[in-house]
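As structure tokens, the structure follows; a few thoughts come after it.
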Amino acid sequence: MATLATGRGRRRRAGQVERETLEREAERDLLTGRLVTAEQDERRRLSLVLHDGPLQSLSGIVLMHDAALAALESGRTEEAVRVIRTALEHEREVIRSLRDLSFAIEPVILRDRGFDAAVRALADQLEDARGIRASVDAGAGEQLAEKAQVALYQTIREALTQASRRSPTRISVSLETAPDGGCIVTVADDGAEERRRERLEAIRERAWLLRGEVSIESSSGSGTVIRVAVPPHVAAPTP
């Protein structure tokens with residue numbers, strides 16, 4: 001009887017191991033699919049940003065240059081100078097937009113100055129562009145693994161982008177170390193209640209890549225609070 005019971009126990013353990021292996025493989029396949037989708041969405045977003053922004057502006061600048069050249073060839077010097085000055089203003093705007101886009105794709109400041117400085121730069125952009133007061137307390141992010149920093153940076157950027165569309169006057173970002181060694185990121189704003197599910201799902205998708213758990217509290221008159229809890233095995237740097 002003891003031998004029979006031992007055999008059944010081994011078969012149960014073997015079955016459990018097999019199920020766990022299949023579950024891990026299914027989770028890995030799902031993660032791979034999510035990663036591919038996220039990359040495709042990011043490329044699509046960048047393509048639209050380039051097409052609707054800098055490329056359109058550059059097309060207009062080329063027309064201005066043509067007009068200035070025609071004015072010079074016709075002896076209308078003053079008109080040519082006015083057109084060139086206008087073209088220069090647009091060119092400076094294109095440089096700024098391309099610099100911002102480059103920062104979004106690969107935030108050099110994250111590599112050179114650290115996580116807290118990179119997140120503060122995002123907050124400064126909001127203040128400059130939209131007049132939204134933004135506070136940041138993300139010094140604990142300096143201790144995170146490099147890949148976790150990059151992924152969390154993208155998640156925070158998405159959360160700030162969504163928050164700015166709710167017409168807030170204030171936004172705060174904080175990152176704290178959790179008791180289990182993971183971390184918790186909180187992005188809170190005092191804007192309108194978020195009613196568009198797809199906006200919140202965009203944040204959930206990014207957090208999912210970190211194995212993060214997301215909680216969202218949003219109500220009329222109280223704004224929106226988004227928390228992302230990242231597990232320790234993702235947050236901790238590799239020894």
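Numbering starts fresh at 1 for the residues of each chain in the structure tokens, the chains themselves are lettered A, B, ... in the order given, and ligands are numbered from 1 as they appear.
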Could you list, as a PyMOL selection string, every residue within 10 Å of Thr186 of chain A, counting only C-alpha atoms and ignoring same-chain residues fewer than 6 positions away? chain A and resi 137-138+156+159+172-176+214-216+225-229
Can you spit out the residues from that selection as a short mmCIF file (atom, residue, chain, number, x, y, z; two decimals), in the first residue's frame, using C-alpha atoms?
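Writing done, so here's selection-v9.cif:
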```
data_model
loop_
_atom_site.label_atom_id
_atom_site.label_comp_id
_atom_site.auth_asym_id
_atom_site.auth_seq_id
_atom_site.Cartn_x
_atom_site.Cartn_y
_atom_site.Cartn_z
CA ASP A 137 9.38 62.09 -5.90
CA ALA A 138 11.05 59.21 -7.71
CA ILE A 156 4.79 56.90 -16.25
CA ALA A 159 0.08 57.88 -17.39
CA SER A 172 2.02 64.19 -8.82
CA VAL A 173 4.33 61.23 -9.44
CA SER A 174 5.86 59.18 -6.66
CA LEU A 175 7.83 55.94 -6.48
CA GLU A 176 8.42 54.06 -3.26
CA VAL A 214 -2.56 48.19 -11.57
CA SER A 215 -5.20 49.84 -9.44
CA ILE A 216 -7.13 52.86 -10.71
CA VAL A 225 -5.09 57.95 -8.90
CA ILE A 226 -3.16 55.23 -10.73
CA ARG A 227 -0.91 52.82 -8.84
CA VAL A 228 1.40 50.27 -10.39
CA ALA A 229 2.94 47.66 -8.10
#
```
For Cys183 of chain A, please output as a list in words all residues within 12 Å (counting only C-alpha atoms; exclusion window: fewer than 6 positions along the same chain).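 Once the adjacent positions are removed, what remains is Ala138, Gly139, Ala140, Gly141, Glu142, Gln143, Leu144, Ala145, Ala148, Gln149, Leu152, Ser174, Leu175, Glu176, Thr177, Leu210, Arg211, Gly212, Glu213, Arg227, Val228, Ala229, Val230, Pro231, Pro232, His233, Val234, Ala235 and Ala236 of chain A.
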So the first atom is atom CA of Ala163 of chain A and the second is atom CA of Asp190 of chain A; what is the distance between them in Å, to one decimal place?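 Separation between atom CA of Ala163 of chain A and atom CA of Asp190 of chain A: 8.9 Å.
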Would you give me, as a PyMOL selection string, the residues in segment 40-233 of chain A that DSSP reads as alpha helix (DSSP H)? chain A and resi 40-50+56-73+77-105+108-112+115-130+146-164+197-208+232-233
Identify, on the basis of only C-alpha atoms, every residue whose closest approach to Glu79 of chain A does not exceed 12 Å; exclude the query and any residue fewer than 5 positions from it along the same chain; express the result as a PyMOL selection string. chain A and resi 64-65+67-74+84-86
Preceding selection exported with C-alpha atoms as a PDB file, in the first residue's frame:
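That gives us part-v3.pdb:
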```
ATOM      1  CA  MET A  64       8.349  79.170 -47.949  1.00  0.00           C
ATOM      2  CA  HIS A  65      11.867  78.720 -49.289  1.00  0.00           C
ATOM      3  CA  ALA A  67       8.514  81.739 -52.232  1.00  0.00           C
ATOM      4  CA  ALA A  68      11.575  83.506 -50.782  1.00  0.00           C
ATOM      5  CA  LEU A  69      13.721  82.432 -53.739  1.00  0.00           C
ATOM      6  CA  ALA A  70      11.099  83.640 -56.199  1.00  0.00           C
ATOM      7  CA  ALA A  71      10.904  86.976 -54.361  1.00  0.00           C
ATOM      8  CA  LEU A  72      14.702  87.382 -54.501  1.00  0.00           C
ATOM      9  CA  GLU A  73      14.812  86.562 -58.205  1.00  0.00           C
ATOM     10  CA  SER A  74      12.134  89.209 -58.789  1.00  0.00           C
ATOM     11  CA  ILE A  84      12.831  83.638 -44.610  1.00  0.00           C
ATOM     12  CA  ARG A  85      12.308  84.902 -41.054  1.00  0.00           C
ATOM     13  CA  THR A  86       8.988  83.068 -40.885  1.00  0.00           C
TER      14      THR A  86
END
```
If we count only C-alpha atoms, what is near Ser164 of chain A at a cut-off of 12 Å, once residues fewer than 4 positions away on the same chain are taken out, given as an MDAnalysis selection string? chainID A and resid 122:123 125:127 129:134 157:160 168:172 187:192 194 199 223:224
Could you write out that same residue set with C-alpha atoms as a CSV table (one decimal), in the first residue's frame?
```
chain,number,residue,atom,x,y,z
A,122,LEU,CA,8.6,64.7,-18.2
A,123,ALA,CA,7.0,66.8,-15.5
A,125,GLN,CA,7.6,69.3,-20.2
A,126,LEU,CA,4.0,69.2,-18.9
A,127,GLU,CA,4.5,72.4,-17.0
A,129,ALA,CA,3.6,72.9,-22.6
A,130,ARG,CA,0.3,72.9,-20.6
A,131,GLY,CA,0.9,75.0,-17.5
A,132,ILE,CA,0.1,72.0,-15.3
A,133,ARG,CA,1.9,72.0,-11.9
A,134,ALA,CA,3.7,68.7,-11.5
A,157,ARG,CA,5.0,58.8,-19.5
A,158,GLU,CA,1.8,57.1,-20.7
A,159,ALA,CA,0.1,57.9,-17.4
A,160,LEU,CA,1.1,61.5,-17.6
A,168,PRO,CA,-5.9,68.9,-14.4
A,169,THR,CA,-4.3,71.7,-12.5
A,170,ARG,CA,-1.9,69.4,-10.6
A,171,ILE,CA,-0.3,66.1,-11.2
A,172,SER,CA,2.0,64.2,-8.8
A,187,VAL,CA,0.4,59.0,-10.5
A,188,ALA,CA,-2.4,61.2,-9.2
A,189,ASP,CA,-4.2,64.2,-10.8
A,190,ASP,CA,-7.1,66.5,-9.9
A,191,GLY,CA,-8.6,66.5,-13.4
A,192,ALA,CA,-12.0,65.2,-14.7
A,194,GLU,CA,-11.6,59.2,-16.7
A,199,ARG,CA,-6.9,55.2,-22.1
A,223,GLY,CA,-9.5,63.2,-10.0
A,224,THR,CA,-7.7,60.0,-10.8
```
Top pick for closest residue to Ser220 of chain A, considering A:Lys147, A:Arg195, A:Arg120, A:Arg82 and counting only C-alpha atoms: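 Using only C-alpha atoms, the shortest distance to Ser220 of chain A belongs to A:Arg195.
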Listing only residues of segment 76-151 of chain A within 8 Å of segment 42-58 of chain A, what is the closest atom pair and its distance in Å (to one decimal) for each, using only C-alpha atoms, sorted by chain and residue number ascending, as CSV?
```
residue,atom,partner,partner_atom,distance
A:His90,CA,A:Ser57,CA,7.1
A:Glu91,CA,A:Leu58,CA,7.5
A:Val94,CA,A:Pro54,CA,5.5
A:Ser97,CA,A:Pro54,CA,7.0
A:Leu98,CA,A:Pro54,CA,7.0
```
Using backbone DSSP assignments, extract all strand (DSSP E) residues from segment 118-198 of chain A; output them as a PyMOL selection string. chain A and resi 133-137+170-177+183-189
Could you take the residues named above and write them with C-alpha atoms, as a short mmCIF file (atom, residue, chain, number, x, y, z; two decimals), in the first residue's frame?
```cif
data_model
loop_
_atom_site.label_atom_id
_atom_site.label_comp_id
_atom_site.auth_asym_id
_atom_site.auth_seq_id
_atom_site.Cartn_x
_atom_site.Cartn_y
_atom_site.Cartn_z
CA ARG A 133 1.86 71.97 -11.89
CA ALA A 134 3.67 68.67 -11.55
CA SER A 135 5.58 67.27 -8.57
CA VAL A 136 7.93 64.28 -8.65
CA ASP A 137 9.38 62.09 -5.90
CA ARG A 170 -1.93 69.42 -10.59
CA ILE A 171 -0.25 66.06 -11.20
CA SER A 172 2.02 64.19 -8.82
CA VAL A 173 4.33 61.23 -9.44
CA SER A 174 5.86 59.18 -6.66
CA LEU A 175 7.83 55.94 -6.48
CA GLU A 176 8.42 54.06 -3.26
CA THR A 177 10.04 50.76 -2.38
CA CYS A 183 8.17 49.11 -5.94
CA ILE A 184 4.94 51.10 -6.18
CA VAL A 185 4.45 53.97 -8.61
CA THR A 186 1.60 56.41 -8.03
CA VAL A 187 0.42 59.00 -10.54
CA ALA A 188 -2.38 61.24 -9.24
CA ASP A 189 -4.18 64.19 -10.81
#
```
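Computed from the coordinates, the atom CA of Arg96 of chain A to atom CA of Val62 of chain A distance equals 17.9 Å.
The gap separating atom CA of Asp124 of chain A from atom CA of Thr155 of chain A is 16.9 Å, in Å to one decimal.
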Hey, which of A:Glu23, A:Glu89, A:Asp128, A:Asp116 ends up closest to Tyr153 of chain A? Count only C-alpha atoms.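 That would be A:Asp116, the residue with the smallest distance to Tyr153 of chain A.
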